[in-house]
Amino acid sequence: MKDKTVIYGLCGSFCNFEKSLRALRELVARGARVIPAVSFNVGGMDTRFGTAAEIREKLREITGNEIIDTIQEAEPVGPKHLCDLVIVSPCTGNTLAKLALGITDTPITMICKSHLRCGRPVLLALASNDSLAASAQNLGRLLNTKHYYFTPMAQDDWLKKPTSLVADFDQLADAAELALRGKQLQPLFF
């Protein structure tokens with residue numbers, strides 16, 4: 001990851017932030033320059049998992065960079081080649097749907113669109129309770145779309161939440177290294 005710049009976008013699967021931030025620290029430890037980005041919800045909502053201000057402070061502390069949190073800041077990512085890889089971690093079912101349908105109404109979706117238009121890789125670390133239900137069609141669409149890669153994932157609680165999938169955030173850095181080489185880390189589902 002040395003000499004690589006990554007934009008690391010957080011979406012609102014707030015219960016997975018601790019794991020996602022651990023993965024972010026691993027990317028930084030491997031030498032990546034990381035620019036954080038947040039969805040509107042992450043940037044402005046306080047939850048039982050922490051306040052928006054706390055999340056913002058952690059992102060700045062870990063990366064040493066300012067946060068992209070507007071569509072206007074996100075738009076030049078692709079044309080100016082501001083990064084080598086975009087990571088969305090966690091990627092919610094809502095963001096997954098927007099990406100699958102080309103909707104760009106948040107900083108994260110605009111970053112992805114802008115980066116993809118230059119044929120560059122996007123790595124998604126899915127965390128959604130409806131991945132194997134309403135979101136399954138969107139997952140299928142993006143699995144079959146060029147330049148999208150996924151962090152390996154599994155059902156996190158098949159008994160109580162049979163349609164939920166969550167990325168193995170411990171594999172995110174390895175998945176990122178392969179995505180930069182145009183390869184999908186396998187097995188995708190475990």
# chains A, B, ... in the order shown; residues from 1 in each chain; ligands from 1

$ select_by_dssp --residues "chain A" --states "strand (DSSP E or B)" --output "ChimeraX atom specification"
/A:5-10,33-38,47,50,68,85-91,122-128,148-150,153-154,165-167,189

$ write_last_selection --atoms "N, CA, C and O atoms" --output "compact mmCIF listing (two decimals), in the first residue's frame"
# COMPACT_ATOMS: atom_id res chain seq x y z
N THR A 5 -2.73 6.15 -2.60
CA THR A 5 -3.68 7.02 -1.91
C THR A 5 -5.04 6.37 -1.98
O THR A 5 -5.48 5.94 -3.05
N VAL A 6 -5.69 6.29 -0.82
CA VAL A 6 -6.99 5.66 -0.69
C VAL A 6 -7.97 6.68 -0.13
O VAL A 6 -7.65 7.40 0.82
N ILE A 7 -9.15 6.75 -0.72
CA ILE A 7 -10.25 7.48 -0.08
C ILE A 7 -11.09 6.44 0.64
O ILE A 7 -11.50 5.44 0.04
N TYR A 8 -11.28 6.65 1.94
CA TYR A 8 -11.95 5.68 2.81
C TYR A 8 -13.27 6.29 3.26
O TYR A 8 -13.29 7.21 4.07
N GLY A 9 -14.39 5.81 2.70
CA GLY A 9 -15.70 6.37 2.99
C GLY A 9 -16.49 5.54 3.97
O GLY A 9 -16.61 4.33 3.81
N LEU A 10 -17.03 6.19 4.97
CA LEU A 10 -17.88 5.52 5.96
C LEU A 10 -19.34 5.85 5.70
O LEU A 10 -19.70 7.02 5.52
N ARG A 33 -1.61 6.38 2.11
CA ARG A 33 -2.08 7.73 2.45
C ARG A 33 -3.60 7.65 2.34
O ARG A 33 -4.12 7.29 1.28
N VAL A 34 -4.30 7.96 3.42
CA VAL A 34 -5.75 7.79 3.43
C VAL A 34 -6.45 9.13 3.64
O VAL A 34 -6.11 9.88 4.56
N ILE A 35 -7.42 9.39 2.78
CA ILE A 35 -8.28 10.57 2.90
C ILE A 35 -9.65 10.06 3.33
O ILE A 35 -10.27 9.28 2.61
N PRO A 36 -10.13 10.47 4.51
CA PRO A 36 -11.44 9.99 4.96
C PRO A 36 -12.59 10.74 4.29
O PRO A 36 -12.45 11.90 3.88
N ALA A 37 -13.71 10.05 4.18
CA ALA A 37 -14.93 10.64 3.65
C ALA A 37 -16.11 10.08 4.44
O ALA A 37 -16.03 8.96 4.95
N VAL A 38 -17.17 10.84 4.54
CA VAL A 38 -18.35 10.38 5.28
C VAL A 38 -19.62 10.70 4.50
O VAL A 38 -19.68 11.68 3.76
N THR A 47 -25.37 8.77 17.50
CA THR A 47 -26.05 7.51 17.76
C THR A 47 -25.55 6.92 19.07
O THR A 47 -24.64 7.45 19.69
N GLY A 50 -21.78 6.52 19.25
CA GLY A 50 -20.91 7.68 19.31
C GLY A 50 -21.51 8.86 18.57
O GLY A 50 -22.48 8.73 17.83
N ILE A 68 -13.66 14.48 3.55
CA ILE A 68 -14.55 14.87 2.45
C ILE A 68 -15.97 14.60 2.94
O ILE A 68 -16.32 13.46 3.26
N LEU A 85 -7.51 4.16 -5.07
CA LEU A 85 -8.56 3.22 -4.68
C LEU A 85 -9.57 3.94 -3.80
O LEU A 85 -9.18 4.75 -2.95
N VAL A 86 -10.84 3.64 -4.01
CA VAL A 86 -11.90 4.09 -3.11
C VAL A 86 -12.38 2.88 -2.34
O VAL A 86 -12.63 1.82 -2.92
N ILE A 87 -12.50 3.04 -1.03
CA ILE A 87 -13.05 1.99 -0.17
C ILE A 87 -14.27 2.55 0.52
O ILE A 87 -14.24 3.67 1.06
N VAL A 88 -15.37 1.80 0.51
CA VAL A 88 -16.57 2.17 1.25
C VAL A 88 -16.73 1.12 2.34
O VAL A 88 -17.00 -0.04 2.07
N SER A 89 -16.53 1.55 3.59
CA SER A 89 -16.49 0.62 4.71
C SER A 89 -16.98 1.30 5.98
O SER A 89 -16.28 2.18 6.49
N PRO A 90 -18.11 0.93 6.50
CA PRO A 90 -19.03 -0.05 5.95
C PRO A 90 -19.88 0.53 4.82
O PRO A 90 -20.14 1.72 4.78
N CYS A 91 -20.28 -0.37 3.94
CA CYS A 91 -21.19 -0.02 2.84
C CYS A 91 -22.57 -0.56 3.20
O CYS A 91 -22.75 -1.76 3.32
N VAL A 122 -13.06 0.30 -6.94
CA VAL A 122 -13.83 0.62 -5.74
C VAL A 122 -14.00 -0.68 -4.96
O VAL A 122 -14.45 -1.69 -5.51
N LEU A 123 -13.63 -0.66 -3.69
CA LEU A 123 -13.76 -1.81 -2.80
C LEU A 123 -14.89 -1.53 -1.81
O LEU A 123 -14.87 -0.51 -1.12
N LEU A 124 -15.84 -2.46 -1.74
CA LEU A 124 -16.97 -2.31 -0.82
C LEU A 124 -16.85 -3.33 0.31
O LEU A 124 -16.57 -4.51 0.06
N ALA A 125 -17.07 -2.87 1.53
CA ALA A 125 -17.13 -3.75 2.71
C ALA A 125 -18.57 -3.70 3.21
O ALA A 125 -18.96 -2.83 3.99
N LEU A 126 -19.37 -4.62 2.71
CA LEU A 126 -20.81 -4.62 2.93
C LEU A 126 -21.17 -4.90 4.39
O LEU A 126 -20.57 -5.75 5.03
N ALA A 127 -22.18 -4.21 4.87
CA ALA A 127 -22.76 -4.46 6.19
C ALA A 127 -24.23 -4.07 6.10
O ALA A 127 -24.57 -2.90 6.20
N SER A 128 -25.08 -5.08 5.87
CA SER A 128 -26.49 -4.78 5.65
C SER A 128 -27.36 -5.95 6.09
O SER A 128 -27.09 -7.10 5.74
N TYR A 148 -15.64 -2.99 -9.53
CA TYR A 148 -16.12 -3.16 -8.16
C TYR A 148 -15.53 -4.43 -7.57
O TYR A 148 -15.51 -5.47 -8.22
N TYR A 149 -15.06 -4.32 -6.34
CA TYR A 149 -14.50 -5.44 -5.60
C TYR A 149 -15.14 -5.45 -4.22
O TYR A 149 -15.64 -4.43 -3.75
N PHE A 150 -15.12 -6.60 -3.59
CA PHE A 150 -15.76 -6.75 -2.28
C PHE A 150 -14.81 -7.34 -1.26
O PHE A 150 -14.02 -8.23 -1.58
N MET A 153 -17.22 -11.67 2.87
CA MET A 153 -18.33 -11.45 3.81
C MET A 153 -18.99 -12.76 4.19
O MET A 153 -18.81 -13.78 3.53
N ALA A 154 -19.78 -12.69 5.27
CA ALA A 154 -20.51 -13.86 5.76
C ALA A 154 -21.78 -13.39 6.45
O ALA A 154 -21.94 -12.22 6.78
N LEU A 165 -25.66 -9.82 5.82
CA LEU A 165 -24.26 -10.11 5.49
C LEU A 165 -23.39 -8.98 6.05
O LEU A 165 -23.78 -7.81 5.99
N VAL A 166 -22.23 -9.37 6.55
CA VAL A 166 -21.27 -8.38 7.05
C VAL A 166 -19.88 -8.76 6.57
O VAL A 166 -19.48 -9.92 6.64
N ALA A 167 -19.16 -7.77 6.09
CA ALA A 167 -17.78 -7.97 5.64
C ALA A 167 -16.90 -8.41 6.80
O ALA A 167 -17.14 -8.04 7.95
N PHE A 189 -17.43 -15.44 -0.11
CA PHE A 189 -18.38 -15.78 0.96
C PHE A 189 -17.80 -16.92 1.76
O PHE A 189 -17.31 -17.89 1.20

$ select_by_dssp --residues "segment 17-98 of chain A" --states "helix (DSSP H, G or I)" --output "VMD selection string"
chain A and resid 17 to 29 40 to 44 52 to 63 71 to 77 93 to 98

$ residues_around --residues "segment 184-187 of chain A" --least-positions-apart "3" --cutoff "8 Å" --atoms "only C-alpha atoms" --output "list in words"
Tyr149, Phe150, Thr151, Pro152, Asp174, Ala175, Leu178, Ala179 and Phe190 of chain A

$ write_last_selection --atoms "N, CA and C atoms" --output "short mmCIF file (atom, residue, chain, number, x, y, z; two decimals), in the first residue's frame"
data_model
loop_
_atom_site.label_atom_id
_atom_site.label_comp_id
_atom_site.auth_asym_id
_atom_site.auth_seq_id
_atom_site.Cartn_x
_atom_site.Cartn_y
_atom_site.Cartn_z
N TYR A 149 -15.06 -4.32 -6.34
CA TYR A 149 -14.50 -5.44 -5.60
C TYR A 149 -15.14 -5.45 -4.22
N PHE A 150 -15.12 -6.60 -3.59
CA PHE A 150 -15.76 -6.75 -2.28
C PHE A 150 -14.81 -7.34 -1.26
N THR A 151 -14.92 -6.85 -0.04
CA THR A 151 -14.25 -7.50 1.08
C THR A 151 -15.04 -8.77 1.36
N PRO A 152 -14.36 -9.91 1.56
CA PRO A 152 -15.09 -11.15 1.85
C PRO A 152 -16.10 -10.95 2.99
N ASP A 174 -6.08 -6.73 2.88
CA ASP A 174 -5.68 -7.68 1.84
C ASP A 174 -6.55 -7.53 0.60
N ALA A 175 -7.85 -7.33 0.80
CA ALA A 175 -8.76 -7.12 -0.33
C ALA A 175 -8.39 -5.85 -1.09
N LEU A 178 -5.32 -6.42 -3.37
CA LEU A 178 -5.70 -7.15 -4.59
C LEU A 178 -6.54 -6.30 -5.53
N ALA A 179 -7.46 -5.52 -5.00
CA ALA A 179 -8.30 -4.65 -5.84
C ALA A 179 -7.43 -3.69 -6.65
N PHE A 190 -17.86 -16.83 3.07
CA PHE A 190 -17.30 -17.90 3.90
C PHE A 190 -18.26 -18.26 5.02
#

$ residues_around --residues "Ser131 of chain A" --least-positions-apart "5" --cutoff "9 Å" --atoms "only C-alpha atoms" --output "PyMOL selection string"
chain A and resi 93+126+136-139+163-166

$ closest_residue --among "A:Ile71, A:Asn129, A:Ser135, A:Arg120" --to "Gly182 of chain A" --atoms "only C-alpha atoms"
A:Arg120

$ atom_distance --atom1 "atom CA of Leu188 of chain A" --atom2 "atom CA of Ala176 of chain A"
13.3 Å

$ atom_distance --atom1 "atom CA of Ala74 of chain A" --atom2 "atom CA of Thr106 of chain A"
8.9 Å

$ closest_residue --among "A:Thr92, A:Gln171, A:Ser39, A:Asn65" --to "Met110 of chain A" --atoms "only C-alpha atoms"
A:Ser39
